Amino acid sequence: MGDNDNDHVPAAKEPPTVRFVVTNASDDPARVELLRHGRASMESKESVDMGTNNLVLFQEEIKERPMLSTFVSAIEKYSVSAKPNDPDTSESEKPSHKMGTIMGVYLPCCQNILGVILFVRLTWIVGLAGIGQSLLIVVLCCCTTLLTAISMSAIATNGVVPGGGSYFMISRALGPELGGAVGILFYLGTTFASSMYILGAVEILLMYIAPQLVLFGDIVGVENKATLLNNYRIYGASFLILMSTLVFFGVKWVNRAASVFLACVVISIVSIFAGVFITALSPPTTELCLLGNRVISIGEGGLCMKGNYTLGPGFNMSQTTSLDQIYCTYDADNLTLSVCDPYYEQNELHTVMAIPGLASNISQANLQPAYSMKGDLVTSTDQPDVKTLDAPDDFEPSSKYPTWLTADISTSFTVLLAIFFPSVTGIMAGSNRSGDLKDAQKSIPVGTIGAVLTTGVIYLLSVVFFGACVDGTLLRDKFGDSIGGELIVSLLAWPNKWIVLIGAFLSTIGAGLQSLVGAPRLMQAIAKDNIIPFLKVFGRGKKNGDPTWSLLLTVNISLIGIIIADLEQVAPIITMFFLMCYAFVNVACALQTLLRTPGWRPRFKYYHWFLSFIGMSLCVSLMFISSWIYTIVAFVLALSIHKYIEYSGAKKEWGDGLRGLQLTTARYALLRLEEGVIHTKNWRPQLLILIKADENLQPKHRNLLYLADQLKAGKGLTMVSSVLAGNPIEMYPEAAKCQQELQLAMQECKIKGFARSIVCSSVTAGISSVIQSSGLGGLRHNTIMMGWPYKWRSKPDGAGYNTFLSTLKIASALNLAVIVPKNIMHFPKSTEKLRGTIDVWWIVHDGGLLMLLPFLLRQHKAWKACKMRIFTVAQLEDNSIQLKKNLEDFIYKLRIDAEIEVVEMQTSDISAYTYERTLLMEQRTEFLQQLKQQRELFESEASTSQFNPESNEMTWMPDTLKMSKLKANTDKSDQLSKARAKSTISMREKEDLSHAPDVNNLAPQSNNVRRMHTAVKLNETIVNRSHQAQLVILNLPGPPKKEDSNREANYMEFLEVLTEGLPRVMMVRGGGREVITMYS
């Protein structure tokens, strides 16, 4: 039956259609299925004239696997939307183009990093830690985020991130258990960050913009801190309700206003830096009032003096200063001082410049730290004071006594580090927008690292500028009480303080809104993954996809942070969550780098596992430095979530606790591997190498082992097997010797794996048993590597290729990939180094194995200097330009560096050479078939002959006599067979000389001519383009499915023609599943 005999097969018997499915890495319903051409399309292709289709040789493959042009076209049309379309958005309002690096990553990251801490707490940190330790705090935090940004860039560029942003990357890199735990921590950190931003906005509003809005009385001073926090709670809750309502009804307006909030941040920073330089020429006139060395608050419009003062010219009366009224008591007439505070009496009042400016030497005094305990006085280190006794018991001051400033919390290097770290978070803002970027794999690394470096420089300059311009006493005044309740950075602003006040207020509001937008979507992504069952309800949302229940949960958790109210208490919580998240990002990058999984191919190349390890170490160290109690709580929370996810969806495994750790680990790993299909990202070739043993029971083609070493790089599973024909009982010593030789060869080739030698009655049956039984549980091979049968033509009756074709058919039935290197003796050893190209001729999409193999080879030093080129053949109906563009885009998303070329094979008539080659092939096949029939007939006649020694043997006949007669009979039969074959051959030769086809009525079949035409044309094209390539990798056409010796012999001839003239060839056939993905 010919290769096209399927035209008349009834529809009911049609084999099932094979579908190559491309999905995102999540279980999201949004996916696309790439189907091969339908039945009608295939029939139309088969009906094309035999001279117009250049790929008839791959016709069997096309029935089950899509053509490359079809595959990449479908990939190009497949668009993944991370955010659902908003039905309220008109077509004119939808963005017509995606964002680049600056607008899409760099500026959003800068906006999220430069936040509330810069405006309301950085001066206070500099005053307490000094310039030196403040710089150390900034450097530690920025180095941590920089190393994390490098690791995150590697993860983000390891494929397309279709949705979920940062959580998607982390969870898919760490798996559901760790990914879910880190996702929850990241969500909590983002949610508490909204609390911090809202509290910062409320502080700026009540303390510096509109103090008249204060409720419940005075909020200045440590004694009024409870009132201050109550104001924070009331206004913070109000802000939270308003902002969450805005997020619920108008997310698009929040996104549009993001650029306005970003502009506020930029303008405020520029205004502060401009004012810093202006102070060198014209410092502000603001002064501090010191009593001895204690800084005191004199209130708005107060005077820094004792005694009475005249109201001014034309006034005859005098008035007591406000400080006297606070620190002294009066007699009954309210005119004569009775008793004053002893310290107030013994020390003089004097003023100093609050902001001496860059030209002063104030930086010398601000170099050293000045940490304090709660309740300690805020003092100047440069001013003397007179120590006195406490005030007498009968001293009854006013309600405002005392006005000297005290510390409201105890501070140290670790405390300030925990407070400052949230100001460097926000590095994942760009990756959260990956779906809106033109080229996420380029923009995310450049934009994120650029933003980290830029903001790091801004923070370092701010520390230096604040320490060089502002008096240390004022820097330690957290709320600016000593200067009338002014925001310290606003005094540096140029040209007006309101630029910074309004800019800081709006920027914190904007950052809070962004957190309220991002956190619910993060929780929605976690809920939709269904890794934590009880959170499933939070995956619900509006029709346009916006979360509702997740927003409600976020608001309630954020309200907890607002109830805490104290910014210094909320910031360490955020620090713990973000540091934990960043630590796992670094762990994921280091783990993927060390494991070297084939799916780990980041386009960002400037990463290293050691950098990720340092980043992880910094994160963990900073956690313990900041607060060991919070650190333990964070780890316990992460571990609890991890264990809950691990056991919520599967039965518990109770192992024997007394067994060895290694056995337990191995058993656990094997059981986990058995649970489900390996994800495409983790797929790597698990090799079963079938290698022939020579007469000395040594591996015949040792270069197969070198090639396996170059493909595996010591990773994954490798099994090497040899099959010996014979009786297993009698040949056990030979099998043991063969297995020992295999092990020695593997050691020499530095392959880590398992060797196995078996004995079977036939090699074919033995190989079938090896393929089906090798491996343990989930640790099984998925790829078979075997050599090419070089002398298949010289052996009659198909003995030279039957085993080869049988192995191909078994592998195809079991959905195993096959690698067949031809001319294996010319392949390099692992110590050699090649330079040139690896050419991939991608004809039929086989799941991406053709792309993966050269990538793996190039990881080895033998092939590292070789460049990769990909060739594909365009048909008449294909648009070559568009096909090349689609393929370049697909290869780019796969993170594989390769040169793409589309070859247009011109339609041509079948050449005389092709016709003659086909005719010779069929003549040879027919001749061998006739010879086989004649031999079978002769053997049948010999077996039924009257002279049959075996039939005349007696039971008592000695074995030696039996053997001698049997040998004589066999020799005689062989002589007769050879004589008849010789006469038949001589007759055939004479017929060939006299136009054999006409004499024997032989004419080449059209199907064979077309297949030979494909093989010849492809071979000419490949040799023309790749004759200088170090290696050519191409699709291996599928073997004939039915047992037909003629078709099988023709198939081998087609492969010979296809690979003629190529020094190194690797024919590859996929296993029917995707092995490479462009998704993260």
# chains A, B, ... in the order shown; residues from 1 in each chain; ligands from 1

call {"tool": "residues_around", "arguments": {"residues": "Gly292 in chain A", "least_positions_apart": "6", "cutoff": "7 Å", "atoms": "only C-alpha atoms", "output": "VMD selection string"}}
result
chain A and resid 347 to 349 383 to 386

call {"tool": "residues_around", "arguments": {"residues": "Thr227 in chain A", "least_positions_apart": "5", "cutoff": "9 Å", "atoms": "only C-alpha atoms", "output": "list in words"}}
result
Leu215, Phe216, Gly217, Asp218, Ile219 and Tyr232 of chain A

call {"tool": "write_last_selection", "arguments": {"atoms": "N, CA and C atoms", "output": "PDB file, in the first residue's frame"}}
result
ATOM      1  N   LEU A 215      -8.209  67.698  65.256  1.00  0.00           N
ATOM      2  CA  LEU A 215      -9.308  67.424  66.176  1.00  0.00           C
ATOM      3  C   LEU A 215      -8.755  67.098  67.562  1.00  0.00           C
ATOM      4  N   PHE A 216      -9.575  67.265  68.569  1.00  0.00           N
ATOM      5  CA  PHE A 216      -9.299  66.838  69.942  1.00  0.00           C
ATOM      6  C   PHE A 216      -8.192  67.635  70.622  1.00  0.00           C
ATOM      7  N   GLY A 217      -7.823  68.789  70.133  1.00  0.00           N
ATOM      8  CA  GLY A 217      -6.861  69.602  70.844  1.00  0.00           C
ATOM      9  C   GLY A 217      -5.470  69.574  70.244  1.00  0.00           C
ATOM     10  N   ASP A 218      -4.486  69.992  71.057  1.00  0.00           N
ATOM     11  CA  ASP A 218      -3.107  70.150  70.593  1.00  0.00           C
ATOM     12  C   ASP A 218      -2.481  68.792  70.273  1.00  0.00           C
ATOM     13  N   ILE A 219      -1.664  68.764  69.202  1.00  0.00           N
ATOM     14  CA  ILE A 219      -0.996  67.524  68.814  1.00  0.00           C
ATOM     15  C   ILE A 219       0.521  67.656  68.876  1.00  0.00           C
ATOM     16  N   TYR A 232      -4.649  60.797  63.211  1.00  0.00           N
ATOM     17  CA  TYR A 232      -4.207  59.958  62.098  1.00  0.00           C
ATOM     18  C   TYR A 232      -5.240  58.880  61.777  1.00  0.00           C
TER      19      TYR A 232
END

call {"tool": "residues_around", "arguments": {"residues": "range 515-530 of chain A", "least_positions_apart": "4", "cutoff": "6 Å", "atoms": "only C-alpha atoms", "output": "ChimeraX atom specification"}}
result
/A:164,187,190-191,194,535-536,538-539,550-551

call {"tool": "write_last_selection", "arguments": {"atoms": "C-alpha atoms", "output": "PDB file, in the first residue's frame"}}
result
ATOM      1  CA  GLY A 164      -0.111  38.530  37.320  1.00  0.00           C
ATOM      2  CA  TYR A 187       0.326  41.184  48.989  1.00  0.00           C
ATOM      3  CA  THR A 190       1.756  46.118  49.299  1.00  0.00           C
ATOM      4  CA  THR A 191      -1.405  46.487  51.407  1.00  0.00           C
ATOM      5  CA  SER A 194      -0.987  51.786  51.255  1.00  0.00           C
ATOM      6  CA  LEU A 535      -9.244  32.511  49.229  1.00  0.00           C
ATOM      7  CA  LYS A 536     -11.119  31.417  46.112  1.00  0.00           C
ATOM      8  CA  PHE A 538     -11.499  36.801  46.313  1.00  0.00           C
ATOM      9  CA  GLY A 539     -10.978  35.848  42.682  1.00  0.00           C
ATOM     10  CA  SER A 550     -10.175  41.498  46.905  1.00  0.00           C
ATOM     11  CA  LEU A 551     -10.501  45.272  47.168  1.00  0.00           C
TER      12      LEU A 551
END

call {"tool": "closest_residue", "arguments": {"among": "A:Ala865, A:Leu705, A:Leu114, A:Val1023", "to": "Ile838 in chain A", "atoms": "only C-alpha atoms"}}
result
A:Ala865

call {"tool": "select_by_dssp", "arguments": {"residues": "range 447-627 of chain A", "states": "helix (DSSP H, G or I)", "output": "number ranges by chain"}}
result
A: 447-469, 472-475, 481-483, 488-492, 497-529, 533-539, 549-564, 567-595, 609-626

call {"tool": "closest_residue", "arguments": {"among": "A:Leu776, A:Ile488, A:Val759, A:Leu513", "to": "Asn112 in chain A", "atoms": "only C-alpha atoms"}}
result
A:Leu513

call {"tool": "atom_distance", "arguments": {"atom1": "CA of Leu437 in chain A", "atom2": "CA of Gly180 in chain A"}}
result
25.7 Å

call {"tool": "residues_around", "arguments": {"residues": "Ile562 in chain A", "least_positions_apart": "5", "cutoff": "7 Å", "atoms": "only C-alpha atoms", "output": "PyMOL selection string"}}
result
chain A and resi 195+199+233+236-237

call {"tool": "write_last_selection", "arguments": {"atoms": "N, CA and C atoms", "output": "compact mmCIF listing (two decimals), in the first residue's frame"}}
result
# COMPACT_ATOMS: atom_id res chain seq x y z
N SER A 195 -1.24 51.74 53.68
CA SER A 195 -1.44 52.38 55.00
C SER A 195 -0.36 53.41 55.26
N LEU A 199 -0.99 57.37 55.86
CA LEU A 199 -0.55 58.02 57.10
C LEU A 199 0.42 59.17 56.80
N ARG A 233 -5.81 58.28 62.83
CA ARG A 233 -6.77 57.19 62.62
C ARG A 233 -8.05 57.69 61.94
N GLY A 236 -7.05 59.11 58.47
CA GLY A 236 -6.56 58.00 57.65
C GLY A 236 -7.69 57.10 57.18
N ALA A 237 -8.63 56.77 58.08
CA ALA A 237 -9.77 55.96 57.69
C ALA A 237 -10.62 56.66 56.64

call {"tool": "closest_residue", "arguments": {"among": "A:Gly250, A:Gly426, A:Pro392, A:Gly787", "to": "Met825 in chain A", "atoms": "only C-alpha atoms"}}
result
A:Gly787

call {"tool": "select_by_dssp", "arguments": {"residues": "range 803-866 of chain A", "states": "strand (DSSP E)", "output": "list of chain:residue names"}}
result
A:Ala817, A:Val818, A:Ile819, A:Val820, A:Pro821, A:Lys822, A:Gly836, A:Thr837, A:Ile838, A:Asp839, A:Val840, A:Trp841, A:Cys866

call {"tool": "atom_distance", "arguments": {"atom1": "CA of Ile483 in chain A", "atom2": "CA of Gln569 in chain A"}}
result
25.6 Å

call {"tool": "atom_distance", "arguments": {"atom1": "CA of Ser648 in chain A", "atom2": "CA of Ser171 in chain A"}}
result
17.1 Å

call {"tool": "residues_around", "arguments": {"residues": "Val470 in chain A", "least_positions_apart": "5", "cutoff": "12 Å", "atoms": "only C-alpha atoms", "output": "PyMOL selection string"}}
result
chain A and resi 123-124+126-127+130-131+276+279-280+283-284+286-288+352-366+462-465+475-477+488-489+491-492

call {"tool": "write_last_selection", "arguments": {"atoms": "C-alpha atoms", "output": "short mmCIF file (atom, residue, chain, number, x, y, z; two decimals), in the first residue's frame"}}
result
data_model
loop_
_atom_site.label_atom_id
_atom_site.label_comp_id
_atom_site.auth_asym_id
_atom_site.auth_seq_id
_atom_site.Cartn_x
_atom_site.Cartn_y
_atom_site.Cartn_z
CA THR A 123 16.09 64.42 57.56
CA TRP A 124 15.29 62.89 60.94
CA VAL A 126 20.28 61.85 58.98
CA GLY A 127 20.12 63.82 62.23
CA GLY A 130 24.80 61.06 61.18
CA ILE A 131 25.97 61.41 57.61
CA VAL A 276 20.18 73.27 48.55
CA THR A 279 21.65 78.04 50.47
CA ALA A 280 25.35 78.31 49.66
CA PRO A 283 20.77 80.71 53.55
CA PRO A 284 17.24 80.93 54.96
CA THR A 286 14.99 80.67 60.03
CA GLU A 287 16.51 80.35 63.51
CA LEU A 288 16.45 77.84 66.34
CA VAL A 352 21.40 79.63 65.93
CA MET A 353 20.76 79.42 62.22
CA ALA A 354 18.51 76.47 61.44
CA ILE A 355 19.91 76.05 57.93
CA PRO A 356 23.48 77.41 57.72
CA GLY A 357 23.79 76.31 54.09
CA LEU A 358 26.33 74.46 51.98
CA ALA A 359 29.00 77.07 52.59
CA SER A 360 29.05 76.33 56.33
CA ASN A 361 30.99 73.62 58.10
CA ILE A 362 27.91 72.10 59.67
CA SER A 363 28.62 68.77 57.97
CA GLN A 364 31.51 68.19 60.38
CA ALA A 365 29.13 68.28 63.34
CA ASN A 366 26.61 66.03 61.54
CA SER A 462 19.90 63.90 49.83
CA VAL A 463 21.76 62.48 52.84
CA VAL A 464 24.85 64.50 51.99
CA PHE A 465 22.91 67.69 51.23
CA LEU A 475 17.43 67.41 61.82
CA ARG A 476 16.62 65.52 65.01
CA ASP A 477 13.37 67.48 65.39
CA ILE A 488 12.18 70.70 57.16
CA VAL A 489 12.62 69.84 53.48
CA LEU A 491 12.43 75.18 54.03
CA LEU A 492 15.01 74.10 51.43
#

call {"tool": "closest_residue", "arguments": {"among": "A:Ser490, A:Gly430, A:Ile900, A:Val537", "to": "Ile881 in chain A", "atoms": "only C-alpha atoms"}}
result
A:Ile900

call {"tool": "closest_residue", "arguments": {"among": "A:Phe578, A:Phe1054, A:Phe534, A:Phe168", "to": "Ser431 in chain A", "atoms": "only C-alpha atoms"}}
result
A:Phe168

call {"tool": "residues_around", "arguments": {"residues": "Ile427 in chain A", "least_positions_apart": "3", "cutoff": "7 Å", "atoms": "only C-alpha atoms", "output": "short mmCIF file (atom, residue, chain, number, x, y, z; two decimals) with N, CA and C atoms, in the first residue's frame"}}
result
data_model
loop_
_atom_site.label_atom_id
_atom_site.label_comp_id
_atom_site.auth_asym_id
_atom_site.auth_seq_id
_atom_site.Cartn_x
_atom_site.Cartn_y
_atom_site.Cartn_z
N CYS A 109 8.76 53.07 38.33
CA CYS A 109 9.60 52.58 39.44
C CYS A 109 10.11 53.74 40.28
N ALA A 149 16.89 43.47 41.95
CA ALA A 149 16.47 43.90 40.62
C ALA A 149 17.18 43.11 39.53
N THR A 448 14.22 49.02 35.32
CA THR A 448 14.26 48.75 36.76
C THR A 448 15.62 49.06 37.36
#

call {"tool": "closest_residue", "arguments": {"among": "A:Thr872, A:Gln772, A:Thr548, A:Asn255", "to": "Val840 in chain A", "atoms": "only C-alpha atoms"}}
result
A:Thr872
